[in-house]
file final02.tsv (TSV, C-alpha atoms)
chain	number	residue	atom	x	y	z
A	1	MET	CA	6.61	6.74	-96.06
A	2	GLN	CA	4.74	9.99	-95.51
A	3	ARG	CA	1.40	8.18	-95.72
A	4	ARG	CA	2.59	5.60	-93.17
A	5	ARG	CA	3.82	8.35	-90.84
A	6	PHE	CA	0.53	10.19	-91.20
A	7	LEU	CA	-1.49	7.08	-90.34
A	8	THR	CA	0.70	6.38	-87.29
A	9	GLN	CA	0.33	9.94	-86.02
A	10	ALA	CA	-3.41	9.89	-86.69
A	11	ALA	CA	-3.82	6.64	-84.75
A	12	ALA	CA	-1.88	8.04	-81.80
A	13	ALA	CA	-3.93	11.21	-81.83
A	14	THR	CA	-7.17	9.23	-82.01
A	15	GLY	CA	-6.11	7.03	-79.11
A	16	ALA	CA	-5.30	10.05	-76.99
A	17	GLY	CA	-8.60	11.62	-77.91
A	18	LEU	CA	-10.54	8.48	-77.01
A	19	ALA	CA	-8.71	8.28	-73.69
A	20	ALA	CA	-9.73	11.84	-72.90
A	21	VAL	CA	-13.33	11.21	-73.97
A	22	GLY	CA	-13.38	7.98	-71.93
A	23	LEU	CA	-12.53	9.78	-68.71
A	24	PRO	CA	-15.82	10.89	-67.08
A	25	ALA	CA	-16.41	14.63	-67.00
A	26	VAL	CA	-16.66	14.60	-63.21
A	27	ALA	CA	-13.24	12.96	-62.95
A	28	GLN	CA	-11.72	15.41	-65.44
A	29	ASN	CA	-12.96	18.35	-63.40
A	30	ALA	CA	-12.41	16.83	-59.95
A	31	PRO	CA	-9.44	17.90	-57.83
A	32	THR	CA	-6.68	15.34	-57.41
A	33	VAL	CA	-7.20	13.03	-54.44
A	34	ARG	CA	-4.13	11.61	-52.69
A	35	TRP	CA	-4.34	8.69	-50.30
A	36	ARG	CA	-1.82	6.64	-48.35
A	37	MET	CA	-2.10	2.85	-48.10
A	38	SER	CA	-0.34	1.08	-45.24
A	39	THR	CA	0.37	-2.61	-45.84
A	40	GLY	CA	1.39	-5.63	-43.82
A	41	TRP	CA	4.10	-6.70	-46.26
A	42	PRO	CA	7.78	-6.05	-46.93
A	43	LYS	CA	8.60	-5.23	-50.56
A	44	SER	CA	10.39	-8.57	-50.88
A	45	LEU	CA	7.00	-10.31	-50.86
A	46	ASP	CA	6.20	-9.19	-54.37
A	47	ALA	CA	3.03	-11.26	-54.79
A	48	LEU	CA	1.48	-9.43	-51.82
A	49	TYR	CA	3.12	-6.02	-51.76
A	50	GLY	CA	3.23	-6.03	-55.56
A	51	SER	CA	-0.53	-6.58	-55.66
A	52	ALA	CA	-1.13	-3.61	-53.36
A	53	ASP	CA	1.16	-1.47	-55.51
A	54	GLU	CA	-0.59	-2.60	-58.69
A	55	LEU	CA	-3.99	-1.81	-57.20
A	56	CYS	CA	-2.83	1.74	-56.51
A	57	ARG	CA	-1.41	2.10	-60.02
A	58	ARG	CA	-4.63	0.84	-61.62
A	59	VAL	CA	-6.74	3.31	-59.66
A	60	GLY	CA	-4.54	6.07	-61.02
A	61	GLU	CA	-4.83	4.78	-64.58
A	62	LEU	CA	-8.61	4.45	-64.37
A	63	THR	CA	-8.99	8.03	-63.14
A	64	GLY	CA	-6.52	9.69	-65.49
A	65	GLY	CA	-4.10	10.27	-62.61
A	66	LYS	CA	-6.69	12.16	-60.58
A	67	PHE	CA	-6.90	9.58	-57.76
A	68	GLU	CA	-3.43	8.82	-56.43
A	69	ILE	CA	-2.84	6.12	-53.82
A	70	ARG	CA	0.66	5.37	-52.56
A	71	ALA	CA	1.39	2.01	-50.95
A	72	PHE	CA	3.93	1.76	-48.12
A	73	PRO	CA	5.76	-1.41	-47.03
A	74	GLY	CA	4.80	-2.95	-43.71
A	75	GLY	CA	6.04	-1.01	-40.70
A	76	GLU	CA	7.17	2.02	-42.68
A	77	ILE	CA	4.42	4.37	-41.57
A	78	VAL	CA	2.27	2.05	-39.43
A	79	PRO	CA	3.37	-0.88	-37.23
A	80	TYR	CA	2.11	-4.26	-38.45
A	81	ALA	CA	-0.38	-4.66	-35.61
A	82	GLN	CA	-1.84	-1.15	-36.00
A	83	ASN	CA	-2.99	-1.26	-39.62
A	84	MET	CA	-6.67	-1.48	-38.73
A	85	GLU	CA	-6.49	1.20	-36.04
A	86	ALA	CA	-4.66	3.54	-38.41
A	87	VAL	CA	-7.50	3.33	-40.95
A	88	SER	CA	-10.18	3.62	-38.29
A	89	ASN	CA	-8.74	6.83	-36.82
A	90	GLY	CA	-7.80	8.33	-40.20
A	91	THR	CA	-4.02	8.17	-39.84
A	92	VAL	CA	-4.08	6.58	-43.30
A	93	GLU	CA	-7.00	6.37	-45.71
A	94	CYS	CA	-6.64	2.65	-46.45
A	95	ASN	CA	-4.56	-0.47	-45.88
A	96	HIS	CA	-3.81	-3.85	-47.47
A	97	VAL	CA	-3.79	-6.67	-44.91
A	98	LEU	CA	-4.65	-10.15	-43.78
A	99	ALA	CA	-7.58	-9.00	-41.67
A	100	THR	CA	-7.42	-11.92	-39.24
A	101	ALA	CA	-4.28	-10.35	-37.77
A	102	HIS	CA	-6.70	-7.93	-36.08
A	103	ILE	CA	-9.05	-10.39	-34.38
A	104	GLY	CA	-7.93	-8.88	-31.08
A	105	THR	CA	-10.24	-5.99	-32.01
A	106	ASN	CA	-13.17	-8.21	-32.94
A	107	THR	CA	-13.05	-11.99	-33.41
A	108	ALA	CA	-15.72	-11.75	-36.14
A	109	ILE	CA	-13.02	-10.27	-38.38
A	110	ALA	CA	-11.95	-13.90	-38.89
A	111	PHE	CA	-14.88	-14.34	-41.29
A	112	ASP	CA	-13.27	-11.77	-43.58
A	113	THR	CA	-10.03	-13.74	-44.02
A	114	GLY	CA	-11.40	-17.24	-43.54
A	115	LEU	CA	-11.96	-19.73	-40.72
A	116	SER	CA	-10.08	-22.89	-39.85
A	117	PHE	CA	-11.31	-25.73	-42.08
A	118	GLY	CA	-13.40	-23.09	-43.81
A	119	MET	CA	-14.31	-22.47	-47.43
A	120	ASN	CA	-11.82	-22.47	-50.26
A	121	ALA	CA	-11.13	-19.34	-52.32
A	122	ARG	CA	-13.99	-19.84	-54.77
A	123	GLN	CA	-16.47	-20.71	-52.06
A	124	HIS	CA	-15.39	-17.78	-49.90
A	125	ASN	CA	-15.83	-15.41	-52.83
A	126	ALA	CA	-19.27	-16.89	-53.51
A	127	TRP	CA	-20.25	-16.22	-49.90
A	128	ILE	CA	-18.92	-12.66	-50.09
A	129	GLN	CA	-20.59	-11.84	-53.41
A	130	PHE	CA	-23.83	-13.82	-53.33
A	131	GLY	CA	-24.21	-15.31	-49.86
A	132	GLY	CA	-24.67	-12.11	-47.88
A	133	GLY	CA	-21.11	-12.11	-46.60
A	134	MET	CA	-20.17	-8.61	-47.69
A	135	GLU	CA	-23.27	-7.09	-46.14
A	136	LYS	CA	-22.55	-8.75	-42.80
A	137	LEU	CA	-18.88	-7.80	-42.83
A	138	ARG	CA	-19.68	-4.19	-43.77
A	139	GLU	CA	-22.08	-4.00	-40.83
A	140	MET	CA	-19.40	-5.31	-38.48
A	141	TYR	CA	-16.64	-3.04	-39.83
A	142	GLY	CA	-19.00	-0.06	-39.74
A	143	GLN	CA	-18.59	0.07	-35.96
A	144	TYR	CA	-14.99	1.16	-36.55
A	145	GLY	CA	-15.62	3.68	-39.32
A	146	ILE	CA	-14.28	1.24	-41.92
A	147	THR	CA	-15.55	0.06	-45.31
A	148	ASN	CA	-13.93	-3.21	-46.39
A	149	PHE	CA	-13.02	-4.53	-49.85
A	150	VAL	CA	-11.71	-7.91	-51.01
A	151	THR	CA	-8.42	-7.24	-52.79
A	152	GLY	CA	-6.89	-10.69	-53.15
A	153	ASN	CA	-6.72	-14.29	-52.00
A	154	VAL	CA	-3.67	-16.51	-51.56
A	155	GLY	CA	-5.61	-19.78	-51.71
A	156	VAL	CA	-4.97	-22.73	-49.39
A	157	GLN	CA	-1.75	-22.20	-47.47
A	158	MET	CA	0.94	-24.58	-46.29
A	159	GLY	CA	1.16	-25.69	-42.68
A	160	GLY	CA	4.51	-24.08	-42.02
A	161	TRP	CA	8.13	-24.88	-41.18
A	162	TYR	CA	9.17	-26.93	-38.13
A	163	ARG	CA	12.54	-27.47	-36.54
A	164	LYS	CA	11.40	-30.90	-35.34
A	165	GLU	CA	9.10	-33.46	-36.92
A	166	ILE	CA	5.43	-33.53	-35.85
A	167	LYS	CA	4.69	-37.24	-35.40
A	168	SER	CA	1.58	-36.99	-33.25
A	169	LEU	CA	-0.67	-34.56	-31.41
A	170	LYS	CA	1.67	-34.69	-28.39
A	171	ASP	CA	4.36	-32.93	-30.40
A	172	LEU	CA	2.27	-29.75	-30.40
A	173	GLU	CA	2.41	-29.43	-26.62
A	174	GLY	CA	4.51	-26.40	-25.72
A	175	LEU	CA	5.41	-25.79	-29.38
A	176	LYS	CA	6.19	-22.10	-29.91
A	177	ILE	CA	4.82	-21.33	-33.34
A	178	ARG	CA	4.48	-18.13	-35.29
A	179	VAL	CA	0.88	-18.22	-36.49
A	180	GLY	CA	-1.59	-15.42	-37.01
A	181	GLY	CA	-5.22	-14.91	-36.21
A	182	ILE	CA	-7.79	-17.58	-35.59
A	183	GLY	CA	-5.38	-20.46	-36.21
A	184	GLY	CA	-3.41	-19.43	-33.16
A	185	MET	CA	-6.52	-19.67	-31.01
A	186	VAL	CA	-7.15	-23.21	-32.24
A	187	LEU	CA	-3.52	-24.28	-31.77
A	188	GLN	CA	-3.57	-22.92	-28.24
A	189	LYS	CA	-6.39	-25.33	-27.48
A	190	LEU	CA	-4.07	-28.13	-28.66
A	191	GLY	CA	-1.30	-27.09	-26.27
A	192	ALA	CA	0.83	-25.00	-28.66
A	193	VAL	CA	2.05	-21.50	-27.81
A	194	PRO	CA	1.10	-19.15	-30.70
A	195	GLN	CA	3.27	-16.11	-31.41
A	196	GLN	CA	2.25	-12.99	-33.34
A	197	ILE	CA	5.33	-11.98	-35.34
A	198	PRO	CA	5.47	-9.63	-38.38
A	199	PRO	CA	6.68	-11.24	-41.63
A	200	SER	CA	10.03	-9.43	-41.55
A	201	ASP	CA	10.82	-10.97	-38.13
A	202	ILE	CA	9.90	-14.59	-38.87
A	203	TYR	CA	13.28	-15.69	-40.25
A	204	PRO	CA	15.47	-14.37	-37.40
A	205	SER	CA	13.04	-15.70	-34.77
A	206	LEU	CA	13.13	-19.18	-36.29
A	207	GLU	CA	16.88	-19.06	-36.86
A	208	LYS	CA	17.63	-18.10	-33.25
A	209	GLY	CA	15.26	-20.69	-31.83
A	210	THR	CA	13.01	-18.05	-30.28
A	211	ILE	CA	10.23	-20.03	-31.91
A	212	ASP	CA	10.07	-23.72	-32.86
A	213	ALA	CA	7.97	-23.34	-35.99
A	214	ALA	CA	6.46	-20.72	-38.27
A	215	GLU	CA	3.78	-20.56	-40.90
A	216	TRP	CA	3.46	-17.84	-43.47
A	217	ILE	CA	1.68	-18.48	-46.75
A	218	GLY	CA	3.06	-21.03	-49.19
A	219	PRO	CA	6.07	-22.10	-51.27
A	220	TYR	CA	6.59	-18.92	-53.28
A	221	ASP	CA	6.58	-16.51	-50.34
A	222	ASP	CA	8.19	-18.95	-47.92
A	223	GLU	CA	11.15	-19.40	-50.26
A	224	ARG	CA	11.53	-15.63	-50.60
A	225	LEU	CA	11.63	-15.33	-46.81
A	226	GLY	CA	14.25	-18.11	-46.71
A	227	LEU	CA	12.36	-20.16	-44.12
A	228	ASN	CA	13.68	-23.40	-45.63
A	229	LYS	CA	17.16	-22.39	-44.49
A	230	VAL	CA	16.27	-22.43	-40.80
A	231	ALA	CA	13.78	-25.31	-40.46
A	232	PRO	CA	13.81	-28.58	-42.44
A	233	PHE	CA	10.24	-29.92	-42.10
A	234	TYR	CA	7.57	-28.38	-44.35
A	235	TYR	CA	4.02	-29.37	-43.41
A	236	SER	CA	0.73	-29.39	-45.30
A	237	PRO	CA	-2.02	-28.32	-45.29
A	238	GLY	CA	-2.50	-24.92	-43.67
A	239	TRP	CA	-5.85	-25.85	-42.17
A	240	TRP	CA	-6.19	-22.58	-40.20
A	241	GLU	CA	-7.89	-20.97	-43.20
A	242	GLY	CA	-9.61	-22.80	-46.04
A	243	SER	CA	-8.18	-19.95	-48.06
A	244	ALA	CA	-6.82	-16.61	-46.96
A	245	SER	CA	-8.64	-13.61	-48.38
A	246	ILE	CA	-6.79	-10.28	-48.45
A	247	THR	CA	-8.61	-7.14	-47.35
A	248	THR	CA	-8.28	-3.45	-47.97
A	249	MET	CA	-9.89	-1.48	-45.17
A	250	VAL	CA	-10.88	2.05	-46.16
A	251	ASN	CA	-11.71	4.89	-43.81
A	252	THR	CA	-15.46	5.36	-44.37
A	253	GLU	CA	-15.35	9.14	-44.04
A	254	ALA	CA	-12.63	9.35	-46.70
A	255	TRP	CA	-14.56	6.92	-48.90
A	256	GLU	CA	-17.77	8.91	-48.76
A	257	LYS	CA	-15.95	12.05	-49.93
A	258	LEU	CA	-14.89	10.43	-53.20
A	259	PRO	CA	-16.69	11.15	-56.49
A	260	ALA	CA	-18.77	8.21	-57.70
A	261	GLU	CA	-16.34	7.62	-60.58
A	262	PHE	CA	-13.41	7.34	-58.17
A	263	LYS	CA	-15.33	4.80	-56.09
A	264	SER	CA	-16.05	2.76	-59.21
A	265	ALA	CA	-12.38	2.88	-60.22
A	266	PHE	CA	-11.31	1.66	-56.78
A	267	GLU	CA	-13.85	-1.17	-56.79
A	268	CYS	CA	-12.77	-2.20	-60.29
A	269	ALA	CA	-9.09	-2.27	-59.29
A	270	ALA	CA	-9.93	-4.24	-56.13
A	271	ASN	CA	-11.83	-6.86	-58.13
A	272	GLU	CA	-8.92	-7.16	-60.57
A	273	GLN	CA	-6.51	-7.91	-57.74
A	274	ALA	CA	-8.90	-10.42	-56.17
A	275	LEU	CA	-8.60	-12.35	-59.44
A	276	ARG	CA	-4.95	-11.70	-60.24
A	277	MET	CA	-3.43	-12.46	-56.83
A	278	LEU	CA	-4.94	-15.95	-56.66
A	279	ALA	CA	-3.83	-16.61	-60.24
A	280	ALA	CA	-0.31	-15.43	-59.39
A	281	TYR	CA	0.00	-17.81	-56.45
A	282	ASP	CA	-1.45	-20.71	-58.43
A	283	ALA	CA	1.19	-20.10	-61.09
A	284	LYS	CA	4.16	-19.44	-58.78
A	285	ASN	CA	3.68	-22.00	-56.01
A	286	PRO	CA	4.28	-25.23	-58.02
A	287	PRO	CA	7.80	-24.34	-59.25
A	288	ALA	CA	8.66	-22.86	-55.86
A	289	LEU	CA	7.66	-26.10	-54.11
A	290	ARG	CA	9.83	-28.13	-56.49
A	291	SER	CA	12.72	-25.76	-55.80
A	292	LEU	CA	12.31	-26.08	-52.03
A	293	ILE	CA	12.23	-29.87	-52.14
A	294	ALA	CA	15.25	-29.95	-54.46
A	295	GLY	CA	17.03	-27.78	-51.90
A	296	GLY	CA	16.43	-30.25	-49.09
A	297	ALA	CA	13.05	-29.32	-47.62
A	298	GLN	CA	11.26	-32.39	-46.25
A	299	LEU	CA	7.61	-32.28	-47.29
A	300	LYS	CA	5.30	-33.74	-44.63
A	301	TYR	CA	1.58	-34.00	-43.94
A	302	PHE	CA	0.07	-33.44	-40.52
A	303	PRO	CA	-0.79	-36.76	-38.81
A	304	LYS	CA	-4.43	-37.77	-38.75
A	305	ASP	CA	-4.76	-37.23	-35.00
A	306	VAL	CA	-3.53	-33.64	-35.38
A	307	MET	CA	-6.04	-32.91	-38.15
A	308	GLU	CA	-8.94	-34.48	-36.27
A	309	ALA	CA	-8.09	-32.69	-33.02
A	310	ALA	CA	-7.67	-29.37	-34.83
A	311	TYR	CA	-11.05	-29.76	-36.52
A	312	ALA	CA	-12.78	-30.61	-33.25
A	313	ALA	CA	-11.08	-27.70	-31.45
A	314	SER	CA	-12.15	-25.35	-34.24
A	315	GLN	CA	-15.81	-26.29	-33.95
A	316	GLU	CA	-15.61	-25.92	-30.17
A	317	LEU	CA	-14.05	-22.48	-30.58
A	318	TRP	CA	-16.84	-21.25	-32.89
A	319	GLY	CA	-19.35	-22.06	-30.16
A	320	GLU	CA	-17.32	-20.23	-27.54
A	321	LEU	CA	-16.82	-17.16	-29.72
A	322	SER	CA	-20.52	-17.09	-30.55
A	323	GLU	CA	-21.32	-16.93	-26.85
A	324	GLU	CA	-18.75	-14.21	-26.20
A	325	ASN	CA	-19.23	-11.99	-29.25
A	326	PRO	CA	-22.64	-10.93	-30.67
A	327	ASP	CA	-21.00	-10.07	-34.01
A	328	PHE	CA	-19.59	-13.59	-34.32
A	329	ALA	CA	-22.92	-15.09	-33.30
A	330	LYS	CA	-24.73	-13.01	-35.93
A	331	ILE	CA	-22.52	-14.14	-38.81
A	332	TYR	CA	-21.67	-17.74	-37.95
A	333	PRO	CA	-25.01	-19.58	-38.49
A	334	GLU	CA	-25.50	-18.31	-42.04
A	335	TRP	CA	-21.80	-18.74	-42.85
A	336	LYS	CA	-21.98	-22.37	-41.68
A	337	LYS	CA	-25.13	-23.01	-43.69
A	338	PHE	CA	-23.48	-21.62	-46.81
A	339	GLN	CA	-20.35	-23.74	-46.22
A	340	GLU	CA	-22.44	-26.90	-45.90
A	341	ALA	CA	-24.21	-26.16	-49.19
A	342	GLU	CA	-20.90	-25.49	-50.95
A	343	ALA	CA	-19.36	-28.67	-49.55
A	344	SER	CA	-22.25	-30.80	-50.80
A	345	TRP	CA	-21.96	-29.35	-54.32
A	346	PHE	CA	-18.14	-29.40	-54.60
A	347	ARG	CA	-18.06	-33.00	-53.39
A	348	VAL	CA	-20.42	-34.08	-56.18
A	349	ALA	CA	-18.66	-32.46	-59.13
A	350	GLU	CA	-15.46	-30.52	-58.42
A	351	ASN	CA	-13.76	-32.99	-56.09
A	352	ALA	CA	-14.82	-36.06	-58.05
A	353	LEU	CA	-13.25	-34.72	-61.25
A	354	ASP	CA	-10.21	-33.14	-59.58
A	355	ASN	CA	-9.25	-36.23	-57.61
A	356	PHE	CA	-9.47	-38.50	-60.65
A	357	THR	CA	-7.68	-36.04	-62.94
A	358	TYR	CA	-4.83	-35.34	-60.50
A	359	SER	CA	-4.28	-39.05	-60.02
A	360	GLU	CA	-4.12	-39.73	-63.75
A	361	VAL	CA	-1.96	-36.71	-64.57
A	362	LEU	CA	0.62	-37.53	-61.92
A	363	LYS	CA	0.53	-41.25	-62.71
A	364	ARG	CA	1.43	-40.56	-66.33
A	365	SER	CA	3.91	-37.74	-65.79
call {"tool": "encode", "arguments": {"input": "final02.tsv", "output": "structure tokens"}}
result
Amino acid sequence: MQRRRFLTQAAAATGAGLAAVGLPAVAQNAPTVRWRMSTGWPKSLDALYGSADELCRRVGELTGGKFEIRAFPGGEIVPYAQNMEAVSNGTVECNHVLATAHIGTNTAIAFDTGLSFGMNARQHNAWIQFGGGMEKLREMYGQYGITNFVTGNVGVQMGGWYRKEIKSLKDLEGLKIRVGGIGGMVLQKLGAVPQQIPPSDIYPSLEKGTIDAAEWIGPYDDERLGLNKVAPFYYSPGWWEGSASITTMVNTEAWEKLPAEFKSAFECAANEQALRMLAAYDAKNPPALRSLIAGGAQLKYFPKDVMEAAYAASQELWGELSEENPDFAKIYPEWKKFQEAEASWFRVAENALDNFTYSEVLKRS
């Protein structure tokens, strides 16, 4: 018994010693840094807010508690629409947002989140990491004193909840729909009336009939917001982003003051969440969709004329934004070239296998 107790105590002591040795000397001697992170999410959206909170916790763990970041729910210290401005002017050191909500500042921000009929999550990450995307986005954000980081991706989204069925393109005319970012600009071209509404206000707006439809993310989050209780028709796909990448904007001045080890810890935690958030949604969306359908949600697909018109309007919009905004014009040609290369490759291998496999799996289930 004494020998066993000794070995247990020795192992614990060794582990503690290794942890201390593993912490870089600079971090051990550095003063504690405390940051605030504003977010765009209520705590009830645990896949999103929970990811921001976990990122903060991991940074603390990786720095031995020397770098503390505290995440705040959406609207608690910064209004939803002011998350970018708050980081730019130093009100908070960082945020956790869907960047496309801030295209009113610069339409090129859409490339950070994803464009309508754009690349999927893997392709978008490839463009960011190896296609020159991060360099171009950093140049654009630099105008606002911001350094951007990818801290998640929700994957392809659903097309939202509708109080009335969408049978043709005509049904979009005058439709008041809660939709964020670039998708709203495309829908406006199709006759819809886009509304910018924070997540916490979507349910009451749809319930009261202030809006006719609302999109958020997908089954898991939509069920948590209760959107199925106030609109029966659930449409797919959410074409307004091929996937929706989540961004943490960091005040550049605050970033440059960090020790190198703290920067590495932050980047490591950000990369973890980029992986874990997508995995979380891929795991949680299938059972949530089954639950929604079992509860009465009517799953629908957008009619062909809606999809074709939305695609055409998107391509037209990219040309208009390129003429209006030098930042958009600088990024778009190389982004488009990268998308075309990815589409040609995924069509050869990924799609061919996926389409066959899905068909067989579902046929035999």
call {"tool": "residues_around", "arguments": {"input": "final02.tsv", "residues": "segment 187-192 of chain A", "least_positions_apart": "5", "cutoff": "10 Å", "atoms": "all atoms listed in the file", "output": "number ranges by chain"}}
result
A: 169-177, 179, 182, 240, 306, 309-310, 313-314, 316-317
call {"tool": "closest_residue", "arguments": {"input": "final02.tsv", "among": "A:Glu135, A:Glu207, A:Glu334, A:Glu323", "to": "Asn228 of chain A", "atoms": "only C-alpha atoms"}}
result
A:Glu207
call {"tool": "atom_distance", "arguments": {"input": "final02.tsv", "atom1": "atom CA of Ser365 of chain A", "atom2": "atom CA of Tyr281 of chain A"}}
result
22.4 Å
call {"tool": "atom_distance", "arguments": {"input": "final02.tsv", "atom1": "atom CA of Ile197 of chain A", "atom2": "atom CA of Gly180 of chain A"}}
result
7.9 Å
call {"tool": "atom_distance", "arguments": {"input": "final02.tsv", "atom1": "atom CA of Val97 of chain A", "atom2": "atom CA of Asp46 of chain A"}}
result
14.0 Å
call {"tool": "closest_residue", "arguments": {"input": "final02.tsv", "among": "A:Ser88, A:Trp161, A:Gly184, A:Thr32", "to": "Val230 of chain A", "atoms": "all atoms listed in the file"}}
result
A:Trp161
call {"tool": "closest_residue", "arguments": {"input": "final02.tsv", "among": "A:Ala121, A:Leu292, A:Met158, A:Ala260", "to": "Ala30 of chain A", "atoms": "only C-alpha atoms"}}
result
A:Ala260
call {"tool": "build_atoms", "arguments": {"input": "final02.tsv", "residues": "segment 232-239 of chain A", "atoms": "all heavy atoms", "output": "mmCIF file, keeping the file's coordinate frame"}}
result
data_model
loop_
_atom_site.group_PDB
_atom_site.id
_atom_site.type_symbol
_atom_site.label_atom_id
_atom_site.label_comp_id
_atom_site.auth_asym_id
_atom_site.auth_seq_id
_atom_site.Cartn_x
_atom_site.Cartn_y
_atom_site.Cartn_z
ATOM 1 N N PRO A 232 13.817 -27.604 -41.343
ATOM 2 C CA PRO A 232 13.810 -28.580 -42.440
ATOM 3 C C PRO A 232 12.452 -29.171 -42.813
ATOM 4 O O PRO A 232 12.256 -29.597 -43.952
ATOM 5 C CB PRO A 232 14.727 -29.684 -41.910
ATOM 6 C CG PRO A 232 14.544 -29.636 -40.423
ATOM 7 C CD PRO A 232 14.334 -28.179 -40.089
ATOM 8 N N PHE A 233 11.506 -29.203 -41.857
ATOM 9 C CA PHE A 233 10.240 -29.920 -42.100
ATOM 10 C C PHE A 233 9.145 -28.957 -42.555
ATOM 11 O O PHE A 233 8.811 -27.995 -41.854
ATOM 12 C CB PHE A 233 9.815 -30.668 -40.847
ATOM 13 C CG PHE A 233 10.839 -31.670 -40.372
ATOM 14 C CD1 PHE A 233 11.629 -31.398 -39.256
ATOM 15 C CD2 PHE A 233 11.029 -32.854 -41.054
ATOM 16 C CE1 PHE A 233 12.585 -32.308 -38.818
ATOM 17 C CE2 PHE A 233 11.984 -33.785 -40.619
ATOM 18 C CZ PHE A 233 12.769 -33.509 -39.508
ATOM 19 N N TYR A 234 8.573 -29.262 -43.725
ATOM 20 C CA TYR A 234 7.570 -28.380 -44.350
ATOM 21 C C TYR A 234 6.243 -29.135 -44.369
ATOM 22 O O TYR A 234 6.095 -30.130 -45.076
ATOM 23 C CB TYR A 234 8.015 -28.031 -45.754
ATOM 24 C CG TYR A 234 7.336 -26.845 -46.376
ATOM 25 C CD1 TYR A 234 6.760 -25.830 -45.615
ATOM 26 C CD2 TYR A 234 7.290 -26.711 -47.768
ATOM 27 C CE1 TYR A 234 6.165 -24.731 -46.205
ATOM 28 C CE2 TYR A 234 6.708 -25.604 -48.367
ATOM 29 C CZ TYR A 234 6.143 -24.623 -47.587
ATOM 30 O OH TYR A 234 5.557 -23.518 -48.175
ATOM 31 N N TYR A 235 5.268 -28.632 -43.585
ATOM 32 C CA TYR A 235 4.020 -29.370 -43.410
ATOM 33 C C TYR A 235 2.863 -28.813 -44.244
ATOM 34 O O TYR A 235 2.819 -27.636 -44.586
ATOM 35 C CB TYR A 235 3.631 -29.390 -41.930
ATOM 36 C CG TYR A 235 4.308 -30.530 -41.197
ATOM 37 C CD1 TYR A 235 5.591 -30.385 -40.696
ATOM 38 C CD2 TYR A 235 3.681 -31.760 -41.065
ATOM 39 C CE1 TYR A 235 6.239 -31.435 -40.048
ATOM 40 C CE2 TYR A 235 4.307 -32.824 -40.425
ATOM 41 C CZ TYR A 235 5.587 -32.653 -39.921
ATOM 42 O OH TYR A 235 6.218 -33.691 -39.310
ATOM 43 N N SER A 236 1.944 -29.708 -44.552
ATOM 44 C CA SER A 236 0.730 -29.390 -45.300
ATOM 45 C C SER A 236 -0.428 -30.154 -44.651
ATOM 46 O O SER A 236 -0.222 -31.237 -44.082
ATOM 47 C CB SER A 236 0.905 -29.818 -46.761
ATOM 48 O OG SER A 236 -0.257 -29.552 -47.513
ATOM 49 N N PRO A 237 -1.660 -29.639 -44.741
ATOM 50 C CA PRO A 237 -2.020 -28.320 -45.290
ATOM 51 C C PRO A 237 -2.131 -27.266 -44.197
ATOM 52 O O PRO A 237 -2.149 -27.588 -43.007
ATOM 53 C CB PRO A 237 -3.401 -28.603 -45.887
ATOM 54 C CG PRO A 237 -3.998 -29.602 -44.911
ATOM 55 C CD PRO A 237 -2.847 -30.469 -44.452
ATOM 56 N N GLY A 238 -2.257 -26.007 -44.615
ATOM 57 C CA GLY A 238 -2.500 -24.920 -43.670
ATOM 58 C C GLY A 238 -3.992 -24.858 -43.358
ATOM 59 O O GLY A 238 -4.732 -24.064 -43.943
ATOM 60 N N TRP A 239 -4.414 -25.694 -42.442
ATOM 61 C CA TRP A 239 -5.850 -25.850 -42.170
ATOM 62 C C TRP A 239 -6.470 -24.642 -41.476
ATOM 63 O O TRP A 239 -7.696 -24.538 -41.363
ATOM 64 C CB TRP A 239 -6.080 -27.109 -41.315
ATOM 65 C CG TRP A 239 -5.182 -27.237 -40.120
ATOM 66 C CD1 TRP A 239 -4.038 -27.977 -40.022
ATOM 67 C CD2 TRP A 239 -5.339 -26.585 -38.843
ATOM 68 N NE1 TRP A 239 -3.477 -27.840 -38.770
ATOM 69 C CE2 TRP A 239 -4.254 -26.981 -38.024
ATOM 70 C CE3 TRP A 239 -6.282 -25.693 -38.308
ATOM 71 C CZ2 TRP A 239 -4.089 -26.537 -36.715
ATOM 72 C CZ3 TRP A 239 -6.122 -25.238 -37.011
ATOM 73 C CH2 TRP A 239 -5.047 -25.661 -36.231
#
